[in-house]
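Note: the block below is target32.cif and it holds mmCIF, C-alpha atoms.
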data_work
#
loop_
_atom_site.label_atom_id
_atom_site.label_comp_id
_atom_site.auth_asym_id
_atom_site.auth_seq_id
_atom_site.Cartn_x
_atom_site.Cartn_y
_atom_site.Cartn_z
CA MET L 83 79.65 -180.20 120.10
CA ALA L 84 76.22 -181.71 120.46
CA GLN L 85 74.04 -181.83 117.41
CA GLY L 86 70.72 -180.05 117.25
CA VAL L 87 69.59 -176.97 119.11
CA SER L 88 70.17 -177.09 122.85
CA ALA L 89 67.91 -175.30 125.32
CA ALA L 90 70.70 -172.83 126.00
CA ASP L 91 71.10 -172.06 122.30
CA GLU L 92 67.40 -171.55 121.90
CA GLN L 93 67.28 -169.26 124.89
CA ALA L 94 70.24 -167.32 123.55
CA THR L 95 68.59 -166.58 120.24
CA SER L 96 64.87 -166.44 120.93
CA VAL L 97 63.04 -163.15 120.81
CA ASN L 98 60.23 -162.76 123.30
CA GLU L 99 57.67 -160.54 121.60
CA GLN L 100 56.28 -159.18 124.86
CA ALA L 101 59.71 -157.99 125.92
CA LEU L 102 60.30 -156.38 122.54
CA THR L 103 56.91 -154.68 122.58
CA LEU L 104 57.46 -153.26 126.06
CA LEU L 105 60.89 -151.95 125.08
CA LYS L 106 59.60 -150.28 121.93
CA ARG L 107 56.66 -148.79 123.76
CA SER L 108 59.01 -147.17 126.23
CA ALA L 109 61.45 -145.99 123.56
CA ASP L 110 58.67 -144.52 121.45
CA PHE L 111 57.17 -142.80 124.47
CA ILE L 112 60.50 -141.08 125.13
CA ALA L 113 60.96 -140.24 121.45
CA GLY L 114 57.52 -138.63 121.37
CA SER L 115 58.41 -136.04 124.01
CA ARG L 116 59.16 -132.40 123.21
CA ALA L 117 61.49 -132.13 126.16
CA ILE L 118 62.99 -134.41 128.76
CA SER L 119 64.70 -133.95 132.07
CA ILE L 120 66.33 -136.97 133.69
CA ALA L 121 68.19 -137.30 136.95
CA VAL L 122 70.34 -140.37 137.03
CA GLU L 123 72.93 -142.10 139.15
CA TYR L 124 75.32 -144.45 137.40
CA GLY L 125 78.43 -146.54 137.75
CA PHE L 126 80.70 -148.52 135.49
CA ASP L 127 83.44 -151.11 135.81
CA VAL L 128 86.90 -150.45 134.53
CA VAL L 129 88.93 -153.61 134.13
CA GLN L 130 92.47 -152.90 135.28
CA ALA L 131 95.60 -154.40 133.74
CA SER L 132 95.59 -156.97 136.58
CA GLY L 133 92.05 -158.04 135.65
CA GLN L 134 90.60 -156.46 138.78
CA LYS L 135 87.38 -154.55 138.24
CA VAL L 136 87.13 -151.10 139.77
CA GLU L 137 83.94 -149.07 139.71
CA PHE L 138 83.68 -145.37 138.90
CA GLY L 139 80.55 -143.33 138.43
CA GLY L 140 78.60 -140.26 139.33
CA THR L 141 75.35 -138.44 138.92
CA ARG L 142 73.94 -136.61 135.95
CA ARG L 143 71.09 -134.38 135.07
CA ILE L 144 70.20 -134.64 131.42
CA MET L 145 67.99 -131.97 129.89
CA VAL L 146 66.91 -132.05 126.27
CA ARG L 147 64.63 -129.80 124.28
CA ARG L 148 64.04 -131.19 120.85
CA PRO L 149 65.21 -130.95 118.26
CA ASP L 150 68.59 -129.41 118.97
CA LEU L 151 69.15 -128.25 122.54
CA ALA L 152 70.78 -130.22 125.32
CA ARG L 153 72.38 -129.64 128.67
CA ILE L 154 74.01 -132.40 130.68
CA GLU L 155 75.26 -131.52 134.15
CA PHE L 156 77.55 -134.05 135.73
CA ALA L 157 79.24 -134.70 139.04
CA ARG L 158 81.74 -137.50 139.00
CA ARG L 159 82.58 -139.42 142.14
CA ASP L 160 86.16 -138.16 141.88
CA GLY L 161 84.87 -134.64 142.44
CA THR L 162 84.96 -133.44 138.85
CA GLN L 163 81.96 -131.32 138.05
CA GLY L 164 80.97 -129.96 134.72
CA GLU L 165 78.50 -129.70 131.97
CA LEU L 166 78.05 -130.42 128.33
CA VAL L 167 75.93 -127.83 126.57
CA PHE L 168 74.62 -128.06 123.02
CA ASP L 169 73.04 -124.80 121.92
CA GLY L 170 72.12 -125.93 118.43
CA LYS L 171 75.33 -124.62 116.87
CA GLN L 172 78.09 -125.54 119.26
CA VAL L 173 78.92 -128.24 121.74
CA ILE L 174 80.67 -126.90 124.82
CA LEU L 175 82.32 -129.21 127.36
CA VAL L 176 82.94 -127.45 130.66
CA ASN L 177 85.18 -128.51 133.53
CA LYS L 178 83.94 -126.37 136.41
CA ASN L 179 86.65 -127.34 138.87
CA GLU L 180 89.42 -126.03 136.66
CA LYS L 181 87.40 -123.34 134.86
CA LEU L 182 88.12 -124.87 131.47
CA TYR L 183 85.95 -125.32 128.45
CA SER L 184 86.20 -126.65 124.91
CA ILE L 185 84.03 -125.82 121.96
CA GLU L 186 83.20 -127.83 118.86
CA ASN L 187 81.02 -126.36 116.14
CA ARG L 188 78.26 -128.77 115.33
CA SER L 189 74.63 -128.60 114.38
CA GLY L 190 71.94 -131.23 113.98
CA ASP L 191 69.48 -133.04 116.18
CA VAL L 192 70.48 -133.80 119.74
CA GLY L 193 70.93 -137.54 119.24
CA THR L 194 73.18 -137.21 116.21
CA VAL L 195 75.31 -134.51 117.78
CA LEU L 196 75.74 -136.42 121.03
CA ASP L 197 76.74 -139.50 119.03
CA PHE L 198 79.38 -137.35 117.35
CA VAL L 199 80.65 -136.11 120.70
CA ALA L 200 80.87 -139.65 122.06
CA ASP L 201 82.21 -141.37 118.95
CA LYS L 202 84.54 -138.75 117.52
CA LEU L 203 85.56 -136.69 120.54
CA GLY L 204 85.55 -139.68 122.88
CA VAL L 205 83.54 -137.89 125.58
CA PRO L 206 81.44 -140.54 127.32
CA ILE L 207 77.76 -139.63 127.31
CA PRO L 208 76.04 -142.36 129.28
CA LEU L 209 72.42 -143.00 128.29
CA ARG L 210 72.67 -141.10 125.02
CA ASP L 211 70.94 -144.09 123.42
CA PHE L 212 67.71 -142.79 124.93
CA LEU L 213 68.22 -139.37 123.35
CA ALA L 214 68.47 -140.69 119.80
CA PRO L 215 65.74 -139.65 117.34
CA ASP L 216 64.64 -143.28 117.27
CA PRO L 217 65.82 -144.93 120.47
CA ALA L 218 63.93 -148.14 119.64
CA ALA L 219 66.13 -148.60 116.57
CA VAL L 220 69.28 -148.02 118.61
CA LEU L 221 68.23 -150.36 121.40
CA THR L 222 67.32 -153.17 119.01
CA GLN L 223 70.28 -152.73 116.68
CA GLY L 224 71.84 -156.14 116.10
CA LEU L 225 69.24 -157.79 118.34
CA VAL L 226 69.91 -161.45 118.94
CA ALA L 227 67.61 -162.33 121.83
CA ALA L 228 64.92 -160.80 124.01
CA ARG L 229 63.61 -162.22 127.29
CA TYR L 230 60.86 -161.22 129.63
CA GLY L 231 61.79 -161.50 133.28
CA GLY L 232 58.45 -160.71 134.90
CA GLU L 233 57.49 -157.99 137.34
CA ALA L 234 60.13 -156.43 139.55
CA THR L 235 60.04 -153.51 141.92
CA ILE L 236 62.58 -150.72 141.43
CA ALA L 237 62.65 -147.88 143.96
CA GLY L 238 59.14 -148.82 145.03
CA LEU L 239 57.74 -148.78 141.50
CA PRO L 240 56.32 -151.84 139.78
CA CYS L 241 58.33 -152.50 136.63
CA ASP L 242 58.74 -155.05 133.88
CA HIS L 243 62.15 -156.64 133.85
CA LEU L 244 63.47 -157.18 130.32
CA ALA L 245 66.73 -158.72 129.12
CA PHE L 246 68.22 -158.31 125.67
CA ARG L 247 71.23 -159.57 123.82
CA THR L 248 72.60 -157.77 120.79
CA ASP L 249 75.62 -158.66 118.72
CA ALA L 250 77.57 -156.15 120.82
CA VAL L 251 76.25 -156.27 124.39
CA ASP L 252 73.82 -157.86 126.84
CA TYR L 253 71.56 -155.46 128.64
CA GLN L 254 68.69 -155.46 131.10
CA ILE L 255 66.15 -152.74 131.54
CA TRP L 256 63.40 -152.24 134.08
CA ILE L 257 60.47 -150.24 132.73
CA SER L 258 57.67 -148.72 134.80
CA ARG L 259 54.23 -150.15 134.40
CA GLY L 260 51.47 -147.67 133.82
CA GLU L 261 50.85 -144.63 131.68
CA GLN L 262 54.44 -143.47 131.58
CA PRO L 263 56.48 -146.51 130.54
CA LEU L 264 59.86 -145.07 131.51
CA PRO L 265 63.09 -146.91 132.23
CA ARG L 266 63.93 -147.04 135.93
CA ARG L 267 67.11 -149.05 135.79
CA LEU L 268 69.55 -150.16 133.12
CA VAL L 269 72.45 -152.61 133.25
CA ILE L 270 74.70 -153.13 130.24
CA THR L 271 77.24 -155.96 130.11
CA TYR L 272 80.04 -155.47 127.60
CA ARG L 273 80.22 -159.14 126.81
CA GLU L 274 82.91 -158.83 124.15
CA ALA L 275 85.24 -156.72 126.27
CA GLU L 276 87.91 -158.26 128.43
CA GLY L 277 86.56 -158.97 131.91
CA GLN L 278 83.01 -158.24 130.75
CA PRO L 279 82.62 -154.90 132.53
CA GLN L 280 79.17 -153.55 133.30
CA PHE L 281 77.52 -150.16 133.26
CA TRP L 282 74.50 -149.53 135.45
CA ALA L 283 72.16 -146.58 135.78
CA GLN L 284 69.37 -145.86 138.18
CA PHE L 285 66.93 -143.32 136.81
CA VAL L 286 66.12 -141.26 139.87
CA LYS L 287 63.70 -138.87 138.22
CA TRP L 288 62.05 -138.47 134.86
CA ASP L 289 60.24 -135.34 133.73
CA ILE L 290 58.48 -135.57 130.42
CA ASN L 291 57.83 -132.25 128.66
CA PRO L 292 59.07 -129.99 131.47
CA GLU L 293 59.47 -126.27 130.82
CA LEU L 294 63.16 -125.85 130.06
CA GLY L 295 64.07 -122.19 129.57
CA ASP L 296 66.36 -120.93 126.83
CA SER L 297 69.01 -119.87 129.33
CA LEU L 298 69.70 -123.51 130.23
CA PHE L 299 71.11 -124.07 126.78
CA VAL L 300 73.53 -121.15 126.69
CA TYR L 301 77.05 -121.31 128.03
CA GLU L 302 78.64 -118.12 129.29
CA PRO L 303 82.23 -118.65 130.40
CA VAL L 304 82.81 -117.61 133.99
CA ASP L 305 85.47 -115.00 134.82
CA GLY L 306 88.91 -116.43 134.29
CA ALA L 307 87.70 -119.42 132.31
CA GLU L 308 90.15 -120.68 129.72
CA GLU L 309 89.32 -122.30 126.41
CA ILE L 310 91.30 -125.43 125.64
CA PRO L 311 91.18 -127.65 122.56
CA PHE L 312 89.60 -131.04 122.18
CA ILE L 313 92.06 -133.72 121.18
CA ALA L 314 91.06 -137.15 119.95
CA PRO L 315 90.90 -140.14 122.27
CA LYS L 316 93.93 -142.35 122.45
CA SER L 317 95.27 -145.37 124.19
CA VAL L 318 97.72 -143.94 126.72
CA SER L 319 95.26 -143.09 129.45
CA THR L 320 97.10 -143.19 132.74
CA ALA L 321 100.40 -141.65 131.76
CA MET L 322 102.15 -138.96 133.73
CA GLY L 323 104.30 -136.36 132.04
CA GLY L 324 107.52 -134.74 133.07
CA GLY L 325 108.20 -136.94 136.07
CA GLN L 326 111.61 -137.98 137.23
CA MET J 155 116.01 -130.82 123.81
CA SER J 156 114.58 -131.84 120.54
CA ARG J 157 111.43 -133.81 120.92
CA ARG J 158 109.02 -135.27 118.49
CA THR J 159 105.45 -135.53 119.45
CA GLY J 160 104.14 -138.88 118.37
CA THR J 161 101.10 -138.89 116.21
CA PHE J 162 98.22 -141.06 117.10
CA ARG J 163 95.55 -141.13 114.48
CA TRP J 164 92.04 -142.11 115.18
CA ILE J 165 89.47 -142.79 112.52
CA PRO J 166 86.19 -144.66 112.76
CA GLY J 167 86.76 -148.35 113.09
CA LEU J 168 90.42 -148.17 112.42
CA THR J 169 93.29 -146.94 114.48
CA VAL J 170 96.74 -146.34 113.14
CA LEU J 171 99.55 -145.65 115.53
CA VAL J 172 102.48 -143.78 114.10
CA ALA J 173 104.70 -143.29 117.10
CA SER J 174 108.21 -142.03 116.72
CA LEU J 175 110.93 -143.61 118.79
CA ALA J 176 111.77 -140.23 120.21
CA MET J 177 108.36 -140.03 121.83
CA LEU J 178 108.70 -143.43 123.41
CA GLY J 179 112.21 -142.59 124.52
CA ASN J 180 111.22 -139.43 126.32
CA ASP J 181 107.65 -139.03 127.38
CA LEU J 182 106.42 -142.51 127.97
CA VAL J 183 109.41 -143.81 129.84
CA LEU J 184 109.23 -140.84 132.15
CA ALA J 185 105.53 -141.33 132.39
CA ARG J 186 105.80 -144.81 133.78
CA LYS J 187 107.92 -143.60 136.66
CA GLY J 188 105.13 -141.38 137.83
CA GLY J 189 102.68 -144.22 138.25
CA GLY J 190 99.69 -142.46 136.75
CA GLY J 191 96.86 -140.26 137.89
CA GLY J 192 94.44 -141.65 140.42
CA ALA J 193 97.07 -144.00 141.86
CA GLY J 194 97.71 -145.49 138.46
CA MET J 195 94.21 -146.74 137.89
CA SER J 196 92.76 -146.97 134.47
CA ARG J 197 89.52 -144.99 134.38
CA GLY J 198 88.13 -145.54 130.92
CA GLY J 199 86.95 -148.42 128.85
CA PRO J 200 83.87 -149.63 127.08
CA ALA J 201 81.59 -149.59 130.12
CA ALA J 202 82.24 -145.88 130.63
CA SER J 203 80.29 -145.22 127.46
CA GLY J 204 76.99 -146.20 129.06
CA SER J 205 75.75 -147.06 125.59
CA VAL J 206 74.61 -150.24 123.89
CA ARG J 207 76.80 -149.21 120.97
CA PRO J 208 80.37 -149.61 122.23
CA ARG J 209 83.05 -148.63 119.75
CA PRO J 210 85.98 -151.03 119.82
CA ALA J 211 88.35 -148.39 118.50
CA ARG J 212 87.68 -146.23 121.53
CA GLN J 213 88.64 -148.81 124.11
CA PRO J 214 91.65 -147.52 125.97
CA ASN J 215 94.72 -149.68 126.47
CA LYS J 216 93.82 -151.75 123.47
CA GLN J 217 95.82 -152.24 120.36
CA PRO J 218 94.18 -151.62 116.99
CA ASP J 219 92.18 -154.67 116.11
CA VAL J 220 91.32 -155.22 112.50
CA ARG J 221 88.73 -157.84 113.39
CA ASP J 222 86.92 -155.39 115.64
CA SER J 223 87.01 -152.84 112.88
CA ARG J 224 85.51 -155.27 110.43
CA ARG J 225 82.77 -156.27 112.78
CA ASP J 226 82.07 -152.65 113.56
CA VAL J 227 81.80 -151.79 109.92
CA LYS J 228 79.50 -154.74 109.31
CA GLN J 229 77.18 -153.54 112.03
CA ASP J 230 77.02 -150.06 110.68
CA VAL J 231 74.48 -148.87 108.21
CA ARG J 232 75.42 -148.39 104.62
CA ASP J 233 75.91 -144.63 104.66
CA GLU J 234 78.16 -144.88 107.66
CA ARG J 235 80.21 -147.38 105.73
CA ARG J 236 80.53 -144.81 103.00
CA GLU J 237 81.53 -142.26 105.58
CA ILE J 238 84.23 -144.54 106.94
CA LYS J 239 85.59 -145.10 103.46
CA GLN J 240 85.67 -141.38 102.92
CA ASP J 241 87.37 -140.90 106.26
CA VAL J 242 89.96 -143.49 105.36
CA ARG J 243 90.61 -141.73 102.07
CA ASP J 244 90.84 -138.37 103.84
CA GLU J 245 93.03 -139.90 106.47
CA ARG J 246 95.42 -141.40 103.94
CA ARG J 247 95.65 -138.11 102.16
CA ASP J 248 96.18 -136.33 105.46
CA MET J 249 98.80 -138.85 106.43
CA ARG J 250 100.67 -138.27 103.20
CA ASP J 251 100.52 -134.56 103.82
CA GLU J 252 101.64 -135.09 107.36
CA ILE J 253 104.63 -137.16 106.39
CA ARG J 254 105.61 -134.54 103.86
CA ASP J 255 105.25 -131.82 106.47
CA GLU J 256 107.35 -133.77 108.88
CA ARG J 257 110.07 -134.22 106.34
CA GLU J 258 110.04 -130.56 105.55
CA ASP J 259 110.25 -129.44 109.11
CA HIS J 260 110.98 -132.12 111.58
CA HIS J 261 110.48 -130.15 114.76
CA GLU J 262 107.71 -127.78 113.88
CA TRP J 263 104.42 -128.35 115.50
CA HIS J 264 101.41 -126.45 114.29
CA GLU J 265 99.26 -125.40 117.13
CA ASP J 266 96.29 -124.57 114.97
CA ARG J 267 96.53 -127.87 113.23
CA TRP J 268 94.92 -129.96 115.91
CA LYS J 269 92.52 -127.18 116.73
CA ARG J 270 91.16 -127.36 113.24
CA ARG J 271 91.16 -131.11 113.30
CA ALA J 272 89.92 -131.58 116.82
CA GLY J 273 87.90 -134.71 117.09
CA ALA J 274 88.68 -135.82 113.61
CA ALA J 275 92.02 -137.42 113.79
CA LEU J 276 95.09 -136.32 115.55
CA THR J 277 96.36 -136.32 119.06
CA VAL J 278 99.70 -135.57 120.54
CA SER J 279 101.47 -136.85 123.64
CA ALA J 280 98.97 -136.45 126.44
CA PHE J 281 99.36 -136.93 130.16
CA ARG J 282 96.92 -137.18 133.03
CA ALA J 283 99.12 -135.13 135.31
CA LEU J 284 102.52 -133.53 135.50
CA THR J 285 104.74 -134.95 138.19
CA CYS J 286 107.36 -132.24 138.28
CA THR J 287 107.13 -128.83 139.88
CA THR J 288 105.98 -126.69 137.02
CA SER J 289 106.37 -123.04 136.34
CA THR J 290 103.32 -121.50 134.77
CA ILE J 291 103.01 -118.59 132.41
CA VAL J 292 100.01 -117.20 130.64
CA VAL J 293 100.45 -116.05 127.07
CA GLY J 294 97.39 -114.48 125.52
CA SER J 295 94.63 -116.60 126.98
CA VAL J 296 96.62 -119.82 127.14
CA THR J 297 98.28 -121.19 130.25
CA TYR J 298 101.61 -122.88 129.60
CA TYR J 299 103.30 -125.24 132.04
CA ARG J 300 107.04 -125.65 131.96
CA CYS J 301 108.58 -128.82 133.19
CA GLY J 302 112.34 -129.03 132.63
CA GLY J 303 112.80 -128.20 128.99
CA THR J 304 109.32 -129.25 128.01
CA TRP J 305 106.23 -127.10 127.66
CA TYR J 306 102.70 -128.31 128.14
CA GLN J 307 99.23 -126.93 127.90
CA ARG J 308 95.87 -128.39 128.78
CA ALA J 309 93.33 -130.03 126.50
CA HIS J 310 90.18 -132.09 126.78
CA GLN J 311 90.72 -135.70 125.86
CA GLY J 312 87.54 -137.65 126.20
CA GLY J 313 85.91 -136.25 129.29
CA ASP J 314 89.22 -135.55 131.00
CA VAL J 315 91.64 -132.68 131.17
CA VAL J 316 95.11 -133.74 130.06
CA TYR J 317 98.45 -132.06 129.50
CA ILE J 318 99.83 -132.07 125.99
CA VAL J 319 103.36 -131.32 124.87
CA VAL J 320 103.60 -128.08 122.91
CA THR J 321 106.31 -125.89 121.50
CA ALA J 322 107.57 -123.15 123.79
CA PRO J 323 105.57 -119.93 123.65
CA ALA J 324 107.19 -117.13 121.67
CA GLY J 325 110.08 -115.58 123.54
CA TYR J 326 110.83 -118.61 125.76
#
Transcribe the structure of this file into structure tokens.
Amino acid sequence: MAQGVSAADEQATSVNEQALTLLKRSADFIAGSRAISIAVEYGFDVVQASGQKVEFGGTRRIMVRRPDLARIEFARRDGTQGELVFDGKQVILVNKNEKLYSIENRSGDVGTVLDFVADKLGVPIPLRDFLAPDPAAVLTQGLVAARYGGEATIAGLPCDHLAFRTDAVDYQIWISRGEQPLPRRLVITYREAEGQPQFWAQFVKWDINPELGDSLFVYEPVDGAEEIPFIAPKSVSTAMGGGQ
Amino acid sequence: MSRRTGTFRWIPGLTVLVASLAMLGNDLVLARKGGGGGAGMSRGGPAASGSVRPRPARQPNKQPDVRDSRRDVKQDVRDERREIKQDVRDERRDMRDEIRDEREDHHEWHEDRWKRRAGAALTVSAFRALTCTTSTIVVGSVTYYRCGGTWYQRAHQGGDVVYIVVTAPAGY
């Protein structure tokens, strides 16, 4: 190993203040909203046992009314449609295709409750980092390096391209220039995971402080819907039961 | 057929697998023959989280990793560390209770147990799909699937619907 600090080392650990400022400005802008509605398209790699990467994904509409109401409608590429509703007292996960739903009693602010759903129930909630009470703190947690990549155009909008490294992941974010400094694209690389899979999201539409009616945050089971329990995540994910 | 459901405990930053041989002997061996839902593809993993805060303990198809747990704990804020310690204490106590329960009644499976504990700790044998031709009955508001001598019902595991092994409904 060469002595001294190489250019690569320096690059890997230097924090560009402009990049950090732009990120925080965006995060604080989102945090300062009363309500948010986001339409997003996303995809993620799943590294198979063979090492081959396969992408899955879908679209989501994320609606939040602070402090404690959320509705996330999702359509996965495999055809699964559903929603996750947080009405301030309960979290309800709905599978519309099979008319199934699960309920977990939980109260608190949206960010904390969605963290619980993701961390404890194992239900992936992509982009929940932006729904945290202080997204800037989440996005800079364990920050190792920040880089500014210059201007880039995303979906016709001029953006600043920023790249960050934390002790857990590498991620890039493209943030609109102008009065509403909103993320337009996000790419996360799970550097520590085998095969270094990536998650990407394209923010198709942002609405800051839209009128979101109360009825959006209430779940009424449809006729014939069945309640099923949540069980904790586990490692056997592709198993089939009862086969011969 | 007597069948033990394996217990897979999940707590923050630390995963403890307590699988009985009976579970491996029945469910999982059969499971492999089926090939798996979605043509056997794995569909989860850290990138599915879409978060800059991946949790090592939630990565599917990964053995418990003490190093990951340590790193995870280091990254966490102090109160979360306290919470983990509390969880570990709770979990140990629960595990002792569990072992005692199992000794007392080897084949009993408490349906309300995991309902109360949903999200906190315990899962049972879960499958993406059932490969046999099932007969279905509805008892109360719960749909049961019968597959040979084994009964299943549905549950949410992560974002997916899975089939879990349950005791036969009353009268069957």
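Between CA of Thr222 in chain L and CA of Ser205 in chain J there is a distance of 12.3 Å.
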Query - Nearest-residue call for chain J, choices L:Leu166, L:Ile174, L:Val128, L:Leu264, using all atoms listed in the file - result: L:Val128
Report task. Specify as number ranges by chain each residue included when the PyMOL selection byres ((chain L and resi 197) around 10) is applied to this file. Result -> L: 192-196, 198-207, 210-211, 213-214; J: 207
Please produce a file of the residues just selected, as a PDB file, keeping the file's coordinate frame, where the atoms kept are C-alpha atoms.
ATOM      1  CA  VAL L 192      70.480-133.800 119.740  1.00  0.00           C
ATOM      2  CA  GLY L 193      70.930-137.540 119.240  1.00  0.00           C
ATOM      3  CA  THR L 194      73.180-137.210 116.210  1.00  0.00           C
ATOM      4  CA  VAL L 195      75.310-134.510 117.780  1.00  0.00           C
ATOM      5  CA  LEU L 196      75.740-136.420 121.030  1.00  0.00           C
ATOM      6  CA  PHE L 198      79.380-137.350 117.350  1.00  0.00           C
ATOM      7  CA  VAL L 199      80.650-136.110 120.700  1.00  0.00           C
ATOM      8  CA  ALA L 200      80.870-139.650 122.060  1.00  0.00           C
ATOM      9  CA  ASP L 201      82.210-141.370 118.950  1.00  0.00           C
ATOM     10  CA  LYS L 202      84.540-138.750 117.520  1.00  0.00           C
ATOM     11  CA  LEU L 203      85.560-136.690 120.540  1.00  0.00           C
ATOM     12  CA  GLY L 204      85.550-139.680 122.880  1.00  0.00           C
ATOM     13  CA  VAL L 205      83.540-137.890 125.580  1.00  0.00           C
ATOM     14  CA  PRO L 206      81.440-140.540 127.320  1.00  0.00           C
ATOM     15  CA  ILE L 207      77.760-139.630 127.310  1.00  0.00           C
ATOM     16  CA  ARG L 210      72.670-141.100 125.020  1.00  0.00           C
ATOM     17  CA  ASP L 211      70.940-144.090 123.420  1.00  0.00           C
ATOM     18  CA  LEU L 213      68.220-139.370 123.350  1.00  0.00           C
ATOM     19  CA  ALA L 214      68.470-140.690 119.800  1.00  0.00           C
TER      20      ALA L 214
ATOM     21  CA  ARG J 207      76.800-149.210 120.970  1.00  0.00           C
TER      22      ARG J 207
END
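Using all atoms listed in the file for every distance, the candidate list J:Gly294, J:Gly302, J:Gly204, J:Gly325 yields J:Gly204 as the residue closest to chain L.
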**Report entry** Protein/DNA/RNA residues near (63.8, -157.2, 131.5), cut 7 Å, only C-alpha atoms, as a PyMOL selection string
**Finding:** chain L and resi 101+229-231+242-245+254-256
Query raised in the report: Quick one: which residues end up in the PyMOL selection byres ((chain L and resi 151) around 7) for this structure, as number ranges by chain?
Result: L: 146-150, 152, 168-170, 192, 299
Please dump the current selection as a tab-separated table (two decimals), in the coordinates of the input; keep C-alpha atoms.
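Once written, selection_12.tsv looks like this:
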chain	number	residue	atom	x	y	z
L	146	VAL	CA	66.91	-132.05	126.27
L	147	ARG	CA	64.63	-129.80	124.28
L	148	ARG	CA	64.04	-131.19	120.85
L	149	PRO	CA	65.21	-130.95	118.26
L	150	ASP	CA	68.59	-129.41	118.97
L	152	ALA	CA	70.78	-130.22	125.32
L	168	PHE	CA	74.62	-128.06	123.02
L	169	ASP	CA	73.04	-124.80	121.92
L	170	GLY	CA	72.12	-125.93	118.43
L	192	VAL	CA	70.48	-133.80	119.74
L	299	PHE	CA	71.11	-124.07	126.78
Report task. Find the residue from J:Tyr326, J:Ile291, J:Val296, J:Thr321 that sits nearest to chain L; use all atoms listed in the file when measuring. Result -> J:Val296
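Note that CA of Glu261 in chain L and CA of Ser115 in chain L are 13.8 Å apart.
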Applied to the shown file, which residues does the PyMOL selection byres ((chain J and resi 323) around 12) return, written as a short mmCIF file (atom, residue, chain, number, x, y, z; two decimals) with C-alpha atoms, keeping the file's coordinate frame?
data_model
loop_
_atom_site.label_atom_id
_atom_site.label_comp_id
_atom_site.auth_asym_id
_atom_site.auth_seq_id
_atom_site.Cartn_x
_atom_site.Cartn_y
_atom_site.Cartn_z
CA TRP J 263 104.42 -128.35 115.50
CA GLU J 265 99.26 -125.40 117.13
CA THR J 290 103.32 -121.50 134.77
CA ILE J 291 103.01 -118.59 132.41
CA VAL J 292 100.01 -117.20 130.64
CA VAL J 293 100.45 -116.05 127.07
CA GLY J 294 97.39 -114.48 125.52
CA SER J 295 94.63 -116.60 126.98
CA VAL J 296 96.62 -119.82 127.14
CA THR J 297 98.28 -121.19 130.25
CA TYR J 298 101.61 -122.88 129.60
CA TYR J 299 103.30 -125.24 132.04
CA ARG J 300 107.04 -125.65 131.96
CA THR J 304 109.32 -129.25 128.01
CA TRP J 305 106.23 -127.10 127.66
CA TYR J 306 102.70 -128.31 128.14
CA GLN J 307 99.23 -126.93 127.90
CA VAL J 319 103.36 -131.32 124.87
CA VAL J 320 103.60 -128.08 122.91
CA THR J 321 106.31 -125.89 121.50
CA ALA J 322 107.57 -123.15 123.79
CA ALA J 324 107.19 -117.13 121.67
CA GLY J 325 110.08 -115.58 123.54
CA TYR J 326 110.83 -118.61 125.76
#
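Counting from CA of Phe312 in chain L, the distance to CA of Arg143 in chain L is 22.8 Å.
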Report summary line: The residue from L:Phe285, L:Thr95, L:Arg259, L:Gln100 with the smallest atom-to-atom distance to Phe212 in chain L, counting all atoms listed in the file, is L:Phe285
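Closest approach to chain J among L:Glu302, L:Glu92, L:Glu309, L:Glu293: L:Glu309, based on all atoms listed in the file.
For Ala275 in chain L, the set of protein, DNA and RNA residues having any atom at most 10 Å away, when counting all atoms listed in the file and skipping those fewer than 3 positions along the same chain, is Val129, Ala250, Val251, Thr271, Tyr272, Gln278, Pro279 and Gln280 of chain L; Gly199, Pro200, Ala201, Pro208, Pro210 and Gln213 of chain J.
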